[in-house]
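Below: one structure, written as C-alpha cells.
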Amino acid sequence: MIESELISNILELTVEGEKFEALLYQQINHLTVKKKEHTGVGLFVYLKYDKEIEKYRLSDSQLDELFGNYNHQLDKFELINSDLNVLADTTVHLTDGLIDCIEIWNKLGDYPKEELITYELKRFE
C-alpha cells in the first residue's frame, strides 16, 4: 500500500477512465514505494509490488490496445502548487504490463525535496 497521499492521488486519477481501468486500479493496491530519486527539477518514484499483482498484469494485446506503438505511459495531469512555484507534468510509467514508476517534472525550475501537502492536480486540456 502506498502511504503518500500525493502519489496515491496521482495514480488513482491517472488510471481513472482508462481502458482496463479495473486492472490498473487493482495494481495500485499491490504497490509500495521502493525508492524516490530527486533530480532537482523533478522526482522519480520507483514502485515495487507483491506477487498478487500478477493477476492484474496487462497482457501484450491489452498494452497494444492501450498504447499502440507509443511508450507505455499515462500522462494526463499537471501538479500545481503556486506558493512553491510548482507546475509539473506527472507521468505514470508501465513496464511489462505493470505500473512501476511515477515521474514528476517541474516546468518552472526546482522541485521541492519535501512532499507536497497542498496541491492541485489539473487534467491537461
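Going through the C-alpha cells in order, the chains are called A, B, and so on, while each chain numbers its residues from 1 and the ligands are numbered from 1 in the order shown.
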>> DSSP on the backbone: which residues in chain A end up as strand (DSSP E or B)? Give the answer as a ChimeraX atom specification.
In response: /A:31-38,42-49,73-81,86-95,98-106,120-123
Convert the current residue selection to file output with N, CA and C atoms, as a compact mmCIF listing (two decimals), in the first residue's frame.
```
# COMPACT_ATOMS: atom_id res chain seq x y z
N LEU A 31 1.03 -2.06 -4.72
CA LEU A 31 2.24 -1.29 -4.90
C LEU A 31 2.70 -0.65 -3.60
N THR A 32 4.01 -0.52 -3.46
CA THR A 32 4.62 0.27 -2.39
C THR A 32 5.78 1.05 -3.02
N VAL A 33 6.18 2.11 -2.34
CA VAL A 33 7.30 2.91 -2.84
C VAL A 33 8.60 2.20 -2.52
N LYS A 34 9.40 1.97 -3.55
CA LYS A 34 10.70 1.33 -3.38
C LYS A 34 11.78 2.38 -3.14
N LYS A 35 11.74 3.45 -3.95
CA LYS A 35 12.79 4.47 -3.87
C LYS A 35 12.29 5.75 -4.51
N LYS A 36 12.73 6.89 -3.95
CA LYS A 36 12.46 8.19 -4.57
C LYS A 36 13.79 8.80 -4.97
N GLU A 37 13.82 9.35 -6.17
CA GLU A 37 15.03 9.98 -6.68
C GLU A 37 14.72 11.42 -7.07
N HIS A 38 15.22 12.36 -6.29
CA HIS A 38 15.02 13.78 -6.58
C HIS A 38 16.06 14.21 -7.60
N GLY A 42 12.71 17.66 -10.58
CA GLY A 42 11.62 16.68 -10.52
C GLY A 42 11.89 15.57 -9.55
N LEU A 43 11.07 14.54 -9.71
CA LEU A 43 11.12 13.41 -8.81
C LEU A 43 10.73 12.15 -9.58
N PHE A 44 11.49 11.09 -9.38
CA PHE A 44 11.10 9.76 -9.84
C PHE A 44 10.72 8.96 -8.61
N VAL A 45 9.56 8.33 -8.65
CA VAL A 45 9.11 7.47 -7.57
C VAL A 45 9.04 6.06 -8.15
N TYR A 46 10.00 5.22 -7.74
CA TYR A 46 10.05 3.84 -8.22
C TYR A 46 9.21 2.96 -7.30
N LEU A 47 8.43 2.10 -7.91
CA LEU A 47 7.48 1.29 -7.17
C LEU A 47 7.87 -0.18 -7.20
N LYS A 48 7.53 -0.88 -6.13
CA LYS A 48 7.68 -2.34 -6.10
C LYS A 48 6.31 -2.92 -5.82
N TYR A 49 6.18 -4.20 -6.09
CA TYR A 49 4.86 -4.83 -5.97
C TYR A 49 5.00 -6.21 -5.38
N GLN A 73 3.09 4.72 -21.13
CA GLN A 73 3.00 5.71 -20.07
C GLN A 73 1.69 6.48 -20.20
N LEU A 74 1.22 6.93 -19.05
CA LEU A 74 -0.01 7.72 -18.98
C LEU A 74 0.35 9.07 -18.39
N ASP A 75 0.02 10.12 -19.14
CA ASP A 75 0.27 11.46 -18.63
C ASP A 75 -0.93 12.33 -18.93
N LYS A 76 -1.67 12.65 -17.88
CA LYS A 76 -2.92 13.39 -18.03
C LYS A 76 -3.03 14.60 -17.12
N PHE A 77 -2.12 14.72 -16.14
CA PHE A 77 -2.29 15.75 -15.12
C PHE A 77 -1.05 16.60 -14.92
N GLU A 78 -1.33 17.86 -14.55
CA GLU A 78 -0.29 18.74 -14.06
C GLU A 78 -0.46 18.86 -12.56
N LEU A 79 0.65 18.89 -11.86
CA LEU A 79 0.70 19.07 -10.42
C LEU A 79 1.02 20.54 -10.17
N ILE A 80 0.16 21.21 -9.39
CA ILE A 80 0.30 22.66 -9.21
C ILE A 80 0.35 23.01 -7.73
N ASN A 81 1.33 23.82 -7.37
CA ASN A 81 1.39 24.47 -6.06
C ASN A 81 2.04 25.83 -6.31
N VAL A 86 5.49 25.42 -8.33
CA VAL A 86 5.42 24.10 -8.95
C VAL A 86 4.32 24.09 -10.01
N LEU A 87 4.71 23.78 -11.22
CA LEU A 87 3.80 23.48 -12.32
C LEU A 87 4.45 22.30 -13.04
N ALA A 88 4.06 21.11 -12.64
CA ALA A 88 4.79 19.91 -13.05
C ALA A 88 3.91 18.94 -13.83
N ASP A 89 4.51 18.32 -14.83
CA ASP A 89 3.86 17.21 -15.53
C ASP A 89 4.02 15.96 -14.66
N THR A 90 3.00 15.12 -14.67
CA THR A 90 3.08 13.83 -13.96
C THR A 90 2.89 12.72 -14.99
N THR A 91 3.74 11.72 -14.91
CA THR A 91 3.67 10.60 -15.85
C THR A 91 3.74 9.29 -15.07
N VAL A 92 2.80 8.39 -15.36
CA VAL A 92 2.80 7.06 -14.77
C VAL A 92 3.35 6.10 -15.83
N HIS A 93 4.45 5.44 -15.49
CA HIS A 93 5.11 4.53 -16.43
C HIS A 93 4.74 3.08 -16.11
N LEU A 94 4.57 2.28 -17.17
CA LEU A 94 4.34 0.85 -17.03
C LEU A 94 5.48 0.10 -17.71
N THR A 95 5.90 -1.00 -17.12
CA THR A 95 6.88 -1.89 -17.72
C THR A 95 6.32 -3.31 -17.66
N LEU A 98 2.91 -3.68 -15.95
CA LEU A 98 2.73 -3.29 -14.55
C LEU A 98 3.18 -1.85 -14.33
N ILE A 99 2.43 -1.14 -13.49
CA ILE A 99 2.83 0.21 -13.09
C ILE A 99 4.11 0.09 -12.28
N ASP A 100 5.15 0.85 -12.67
CA ASP A 100 6.40 0.71 -11.94
C ASP A 100 7.10 2.01 -11.58
N CYS A 101 6.60 3.15 -12.07
CA CYS A 101 7.29 4.40 -11.79
C CYS A 101 6.35 5.58 -12.02
N ILE A 102 6.53 6.61 -11.22
CA ILE A 102 5.86 7.90 -11.44
C ILE A 102 6.96 8.93 -11.62
N GLU A 103 6.80 9.74 -12.64
CA GLU A 103 7.75 10.82 -12.91
C GLU A 103 7.04 12.15 -12.74
N ILE A 104 7.67 13.05 -12.01
CA ILE A 104 7.16 14.40 -11.83
C ILE A 104 8.24 15.35 -12.33
N TRP A 105 7.90 16.25 -13.25
CA TRP A 105 8.86 17.17 -13.84
C TRP A 105 8.32 18.59 -13.75
N ASN A 106 8.99 19.43 -12.96
CA ASN A 106 8.55 20.80 -12.75
C ASN A 106 9.04 21.70 -13.89
N GLU A 120 -2.77 20.91 -6.37
CA GLU A 120 -3.91 20.68 -7.27
C GLU A 120 -3.41 19.78 -8.38
N LEU A 121 -4.23 18.82 -8.75
CA LEU A 121 -3.95 18.00 -9.93
C LEU A 121 -4.96 18.42 -10.99
N LYS A 122 -4.46 19.02 -12.05
CA LYS A 122 -5.31 19.56 -13.11
C LYS A 122 -5.12 18.75 -14.38
N ARG A 123 -6.24 18.27 -14.91
CA ARG A 123 -6.19 17.48 -16.15
C ARG A 123 -5.76 18.37 -17.32
```
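When the distance limit is 8 Å and only C-alpha atoms are what count, the residues near Asn85 of chain A, minus those fewer than 3 positions from it on the same chain, are Asn81, Ser82, Leu108 and Gly109 of chain A.
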>> Could you go through chain A and tell me which residues DSSP, when run on the backbone, assigns to helix (DSSP H, G or I), listing them as a PyMOL selection string?
In response: chain A and resi 5-15+21-28+51-56+60-67+82-84
Could you dump the residues just selected with C-alpha atoms as a short mmCIF file (atom, residue, chain, number, x, y, z; two decimals), in the first residue's frame?
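Written output follows (selection33.cif):
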```cif
data_model
loop_
_atom_site.label_atom_id
_atom_site.label_comp_id
_atom_site.auth_asym_id
_atom_site.auth_seq_id
_atom_site.Cartn_x
_atom_site.Cartn_y
_atom_site.Cartn_z
CA GLU A 5 -1.43 10.82 -0.42
CA LEU A 6 0.15 12.68 -3.35
CA ILE A 7 1.45 9.52 -5.04
CA SER A 8 -1.84 7.66 -4.43
CA ASN A 9 -3.83 10.55 -5.90
CA ILE A 10 -1.63 10.75 -8.99
CA LEU A 11 -2.00 7.01 -9.60
CA GLU A 12 -5.74 6.82 -8.96
CA LEU A 13 -6.65 9.87 -11.02
CA THR A 14 -4.39 8.87 -13.89
CA VAL A 15 -5.87 5.38 -14.33
CA GLU A 21 -9.13 0.81 -15.56
CA ALA A 22 -10.22 -2.04 -13.26
CA LEU A 23 -6.97 -3.96 -13.78
CA LEU A 24 -4.81 -0.85 -13.40
CA TYR A 25 -6.67 0.23 -10.29
CA GLN A 26 -6.20 -3.22 -8.74
CA GLN A 27 -2.46 -2.95 -9.39
CA ILE A 28 -2.34 0.15 -7.17
CA LYS A 51 3.27 -11.37 -6.01
CA GLU A 52 -0.51 -10.89 -6.05
CA ILE A 53 -0.19 -8.14 -8.66
CA GLU A 54 0.40 -10.76 -11.36
CA LYS A 55 -3.37 -11.32 -11.56
CA TYR A 56 -3.73 -7.74 -12.82
CA ASP A 60 0.74 -7.66 -24.62
CA SER A 61 -2.52 -7.36 -26.58
CA GLN A 62 -4.01 -5.09 -23.89
CA LEU A 63 -0.87 -2.94 -23.93
CA ASP A 64 -1.07 -2.69 -27.74
CA GLU A 65 -4.73 -1.70 -27.49
CA LEU A 66 -4.00 0.92 -24.84
CA PHE A 67 -0.75 2.41 -26.19
CA SER A 82 1.72 28.21 -6.77
CA ASP A 83 3.25 29.00 -3.36
CA LEU A 84 6.18 26.66 -4.07
#
```
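Computed from the coordinates, the atom CA of His30 of chain A to atom CA of Asp50 of chain A distance equals 5.7 Å.
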> Closest to Lys19 of chain A among A:Glu3, A:Leu58, A:Gly40, A:Glu115, using only C-alpha atoms?
Replying inline: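 Residue with the minimum atom-to-atom distance to Lys19 of chain A: A:Leu58.
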